[in-house]
Amino acid sequence: MLARIRFAIIQRLRPTPREIVVLARREVDPRCVAEFEPLHLGPVRSILALVGIGIAGAIAAPFRLLTNLTSPRT
Amino acid sequence: MRPVDADIIVVGSGPAGAQAARKFVDLGLSVWTIDVGKLDLSIANAIPAARFSELRQRDAGQARYFLGDVRETAAGEPEISAIRAGAQLTPPRAYVTEDVDRWAPMSSDTFNPMLSLALGGLGAAWGAGAFTFNRAECERTGLSYGQLRGRYDEVAADIGISGSHEEDVSADMVGIETIQEPLPLDDNAGSLLRTYQRRRQHLIALGFRAGRPPIAMLSNVLENAGRIREANPLYDMDFYSDASRSVYRPRFTIDVLREARSYRYVDGLLALEFTACDEGVELLCLELKTEVYVRFLCKRLILAAGALNTARIVLRSTRAYGRRIPLLSNAYRYVPTINLDMLGRAARDERHSMVQLVGTLAQGSSDADQLFVSFYSYRSLLLYKLVKEMPLPTGLGILAARIMLSSLTILGVHFPEEPTERKYLMLTRGAAPQNDLLNAEYALSSSEKDTISRGLQALAKVMRHLRLLRLTTVDPGNGASIHYAGTLPFRSKSADLATAPDGHLHANRYVYIADSAPWTFLPAKGPTLTIMAHARNIAATASRTLGIEVP
């Protein structure tokens, strides 16, 4: 049961199909290629950046959950 | 007596069908291949010969091969065609599964296999891992270890395999004498292999061994019957294009065979059922363009349509509607991880896209019980597929993906598979033979679930030693391993819906099964090379019954 609830929450926090289509089209546009290049920040800064992204995602999660309740998910 | 159309008819052009046909032709027999033979290289041929990074920067037409079509779902939402498929089925390879729902219909709530009616079958999207089975795996599978050894070398000479005899895994999976030198590792895999070598003693004590894999991808030029295939250019475009013909595809063998006078490739035909006759075997097919039934005669019929479609033909031919037959398909999990030694570091651009390293993890007392791990680096499948899985806004997701990219390591984990009563196939009669529906039921027993769970726990220890940080573990569902077998098992005594030890169907001594349908066990390691060697062995056996001397 807990696993199902967890999955449902994660599913709601994932990008919508429409957002993914927009992102994918941008990724295969040569003019935007720099936005998708790997970032080489070094090990320490990379870990800090990932932790920061995780915290930002967690702070945004309740608001996104509320606004995403009715939007479809893949 | 009517004249036969050919000494041998082979059904299917996949890894088994192509290798069986090649062996028969080499032995001087007349051979026809009957195949649906879907093929569409229009997208693949439009890809310029350049590195992934160059194409990304310069090619304005890249959406066609990287994304494919964007269509609307039933809910009215846009969806990229490439997103629903696995890594193998990029837009240039979408033809591999085309028309399967129409001509090879299946129904199941618990099993979702990938089937193919393409020229080359599932081999047209093969990941190219070319592993030999060890003695214990052969014994459990019902294959002769001694007979397969020589056949592996024959296959290797035809398809070209690169690898090394010096790896910790070599004794277990490189039972081939002549192989090309290994392809260079990418930076991520190189770092992982160095970590393995530093902690080798601890890892071997845990039952884990790793190394560079044998792979059906060329590191040097290979000439085969006057046809040249090039070394892999390390463009990292192997999921999309076979431009250098470096990664083996069964259609390359069919191309060679087409030049032989004694060989004919007949496409556009769906093989339906066989019947015994005075001349040998009569095969009923449906011509797909006209939907007209046609019949062919041969002395020996070789079924090589893949374990599921071969079972469909046999069940229909023997009118065994409603009868249950066993089904084997490796349980599969994939585990995205971060290689901590590569996090934040730059990686070289030159690389191939296929499996970089492989490992085996001992699970029981037998060498057949080990689980098998493939290590892939991630890049050419694009970032949007990663972002789609992250519970983050797209902006943050893309930032995380860019940071992780050079260190992202995907572990594909396969488990060995035994038959049980809860995994089976059954054919339901349709309005016409081509409408018969293959039903599948697949449920793991609690003991199988325990084995998988224990295997993943043991692997978690290995990952810690390798400095791999696990992000999640994904169960892609039953049938996702794309390894199928066991539907017409070997039986020494005559039995319905079973195969004799020499490969002929008990129900008809002129019909041979050349694919993995007779195997009574499915080892964890990729079976494709063994399917090919087994098919050559069946061709040798069937040829002997026609009075041909086989060395």
# chains A, B, ... in the order shown; residues from 1 in each chain; ligands from 1
>>> select_by_dssp(residues="chain A", states="helix (DSSP H, G or I)", output="PyMOL selection string")
chain A and resi 2-13+17-27+30-36+43-67
>>> residues_around(residues="range 210-222 of chain B", least_positions_apart="6", cutoff="8 Å", atoms="only C-alpha atoms", output="VMD selection string")
chain B and resid 128 to 131 159 to 164 167 to 170 173 to 174 180 to 183 193 196 228 to 232 246 to 248 355 to 360
>>> interface_residues(of="chain A", to="chain B", cutoff="9 Å", atoms="only C-alpha atoms", output="VMD selection string")
chain A and resid 9 to 21 23 to 25 27 to 47 49 to 50 53 to 54 56 to 58 60 to 61 64 72 74
>>> decode(residues="range 37-74 of chain A", atoms="N, CA, C and O atoms", output="compact mmCIF listing (two decimals), in the first residue's frame")
# COMPACT_ATOMS: atom_id res chain seq x y z
N GLU A 37 24.11 19.89 -23.10
CA GLU A 37 25.47 19.33 -23.01
C GLU A 37 25.75 18.90 -21.56
O GLU A 37 25.24 19.52 -20.63
N PRO A 38 26.58 17.87 -21.36
CA PRO A 38 26.91 17.49 -19.98
C PRO A 38 27.64 18.61 -19.26
O PRO A 38 28.39 19.37 -19.87
N LEU A 39 27.41 18.69 -17.96
CA LEU A 39 28.10 19.69 -17.15
C LEU A 39 29.22 19.00 -16.36
O LEU A 39 28.97 17.99 -15.71
N HIS A 40 30.41 19.56 -16.42
CA HIS A 40 31.54 18.97 -15.70
C HIS A 40 31.95 19.93 -14.59
O HIS A 40 32.81 20.79 -14.80
N LEU A 41 31.35 19.79 -13.44
CA LEU A 41 31.58 20.74 -12.35
C LEU A 41 32.61 20.24 -11.36
O LEU A 41 32.88 20.90 -10.36
N GLY A 42 33.16 19.06 -11.59
CA GLY A 42 34.03 18.45 -10.58
C GLY A 42 33.18 17.69 -9.58
O GLY A 42 31.98 17.98 -9.44
N PRO A 43 33.77 16.71 -8.86
CA PRO A 43 32.96 15.85 -7.99
C PRO A 43 32.24 16.60 -6.86
O PRO A 43 31.05 16.37 -6.62
N VAL A 44 32.94 17.50 -6.18
CA VAL A 44 32.33 18.14 -5.00
C VAL A 44 31.19 19.05 -5.40
O VAL A 44 30.06 18.97 -4.87
N ARG A 45 31.43 19.91 -6.39
CA ARG A 45 30.39 20.85 -6.82
C ARG A 45 29.21 20.09 -7.43
O ARG A 45 28.06 20.52 -7.31
N SER A 46 29.51 18.95 -8.08
CA SER A 46 28.41 18.16 -8.66
C SER A 46 27.51 17.61 -7.57
O SER A 46 26.27 17.68 -7.67
N ILE A 47 28.12 17.07 -6.52
CA ILE A 47 27.32 16.53 -5.41
C ILE A 47 26.49 17.64 -4.77
O ILE A 47 25.29 17.49 -4.52
N LEU A 48 27.14 18.80 -4.53
CA LEU A 48 26.42 19.92 -3.92
C LEU A 48 25.27 20.37 -4.80
O LEU A 48 24.15 20.63 -4.33
N ALA A 49 25.53 20.41 -6.11
CA ALA A 49 24.47 20.85 -7.04
C ALA A 49 23.31 19.85 -7.02
O ALA A 49 22.13 20.25 -7.00
N LEU A 50 23.61 18.56 -6.98
CA LEU A 50 22.54 17.55 -6.98
C LEU A 50 21.74 17.61 -5.69
O LEU A 50 20.51 17.48 -5.70
N VAL A 51 22.45 17.85 -4.57
CA VAL A 51 21.74 17.99 -3.29
C VAL A 51 20.83 19.21 -3.34
O VAL A 51 19.66 19.16 -2.93
N GLY A 52 21.36 20.30 -3.90
CA GLY A 52 20.57 21.53 -4.04
C GLY A 52 19.32 21.30 -4.89
O GLY A 52 18.22 21.76 -4.56
N ILE A 53 19.50 20.57 -5.99
CA ILE A 53 18.35 20.27 -6.87
C ILE A 53 17.32 19.44 -6.11
O ILE A 53 16.11 19.68 -6.21
N GLY A 54 17.81 18.47 -5.35
CA GLY A 54 16.90 17.62 -4.56
C GLY A 54 16.11 18.44 -3.57
O GLY A 54 14.88 18.28 -3.44
N ILE A 55 16.78 19.39 -2.87
CA ILE A 55 16.08 20.24 -1.88
C ILE A 55 15.06 21.12 -2.57
O ILE A 55 13.90 21.23 -2.15
N ALA A 56 15.49 21.73 -3.69
CA ALA A 56 14.55 22.61 -4.44
C ALA A 56 13.34 21.81 -4.91
O ALA A 56 12.19 22.28 -4.82
N GLY A 57 13.59 20.59 -5.38
CA GLY A 57 12.49 19.73 -5.84
C GLY A 57 11.55 19.39 -4.71
O GLY A 57 10.32 19.37 -4.88
N ALA A 58 12.14 19.11 -3.52
CA ALA A 58 11.31 18.75 -2.36
C ALA A 58 10.46 19.93 -1.90
O ALA A 58 9.28 19.77 -1.53
N ILE A 59 11.05 21.15 -1.91
CA ILE A 59 10.29 22.35 -1.51
C ILE A 59 9.14 22.59 -2.48
O ILE A 59 8.01 22.92 -2.08
N ALA A 60 9.43 22.39 -3.77
CA ALA A 60 8.40 22.67 -4.78
C ALA A 60 7.34 21.57 -4.83
O ALA A 60 6.22 21.80 -5.33
N ALA A 61 7.66 20.39 -4.29
CA ALA A 61 6.79 19.23 -4.48
C ALA A 61 5.34 19.44 -4.02
O ALA A 61 4.42 19.14 -4.80
N PRO A 62 5.09 19.96 -2.80
CA PRO A 62 3.68 20.09 -2.38
C PRO A 62 2.87 20.98 -3.31
O PRO A 62 1.72 20.69 -3.64
N PHE A 63 3.49 22.09 -3.75
CA PHE A 63 2.78 23.01 -4.65
C PHE A 63 2.53 22.32 -5.99
O PHE A 63 1.45 22.45 -6.58
N ARG A 64 3.52 21.59 -6.48
CA ARG A 64 3.36 20.92 -7.78
C ARG A 64 2.32 19.81 -7.66
O ARG A 64 1.56 19.59 -8.60
N LEU A 65 2.31 19.13 -6.51
CA LEU A 65 1.31 18.07 -6.33
C LEU A 65 -0.10 18.65 -6.44
O LEU A 65 -0.97 18.09 -7.10
N LEU A 66 -0.31 19.80 -5.79
CA LEU A 66 -1.63 20.41 -5.81
C LEU A 66 -2.02 20.84 -7.21
O LEU A 66 -3.13 20.59 -7.67
N THR A 67 -1.06 21.46 -7.93
CA THR A 67 -1.40 21.96 -9.27
C THR A 67 -1.46 20.84 -10.30
O THR A 67 -2.11 20.97 -11.33
N ASN A 68 -0.81 19.70 -10.02
CA ASN A 68 -0.77 18.61 -11.00
C ASN A 68 -1.86 17.56 -10.80
O ASN A 68 -1.88 16.57 -11.52
N LEU A 69 -2.73 17.79 -9.83
CA LEU A 69 -3.68 16.73 -9.48
C LEU A 69 -4.53 16.26 -10.64
O LEU A 69 -4.87 15.09 -10.74
N THR A 70 -4.84 17.18 -11.54
CA THR A 70 -5.76 16.79 -12.62
C THR A 70 -5.07 16.61 -13.97
O THR A 70 -5.70 16.21 -14.93
N SER A 71 -3.77 16.87 -14.04
CA SER A 71 -3.12 16.75 -15.35
C SER A 71 -2.69 15.30 -15.60
O SER A 71 -2.30 14.60 -14.67
N PRO A 72 -2.79 14.81 -16.85
CA PRO A 72 -2.45 13.42 -17.14
C PRO A 72 -0.96 13.14 -17.01
O PRO A 72 -0.15 14.05 -17.13
N ARG A 73 -0.64 11.89 -16.73
CA ARG A 73 0.76 11.48 -16.62
C ARG A 73 1.00 10.26 -17.50
O ARG A 73 0.08 9.46 -17.73
N THR A 74 2.23 10.12 -17.98
CA THR A 74 2.55 8.96 -18.82
C THR A 74 2.75 7.74 -17.94
O THR A 74 3.11 7.86 -16.80
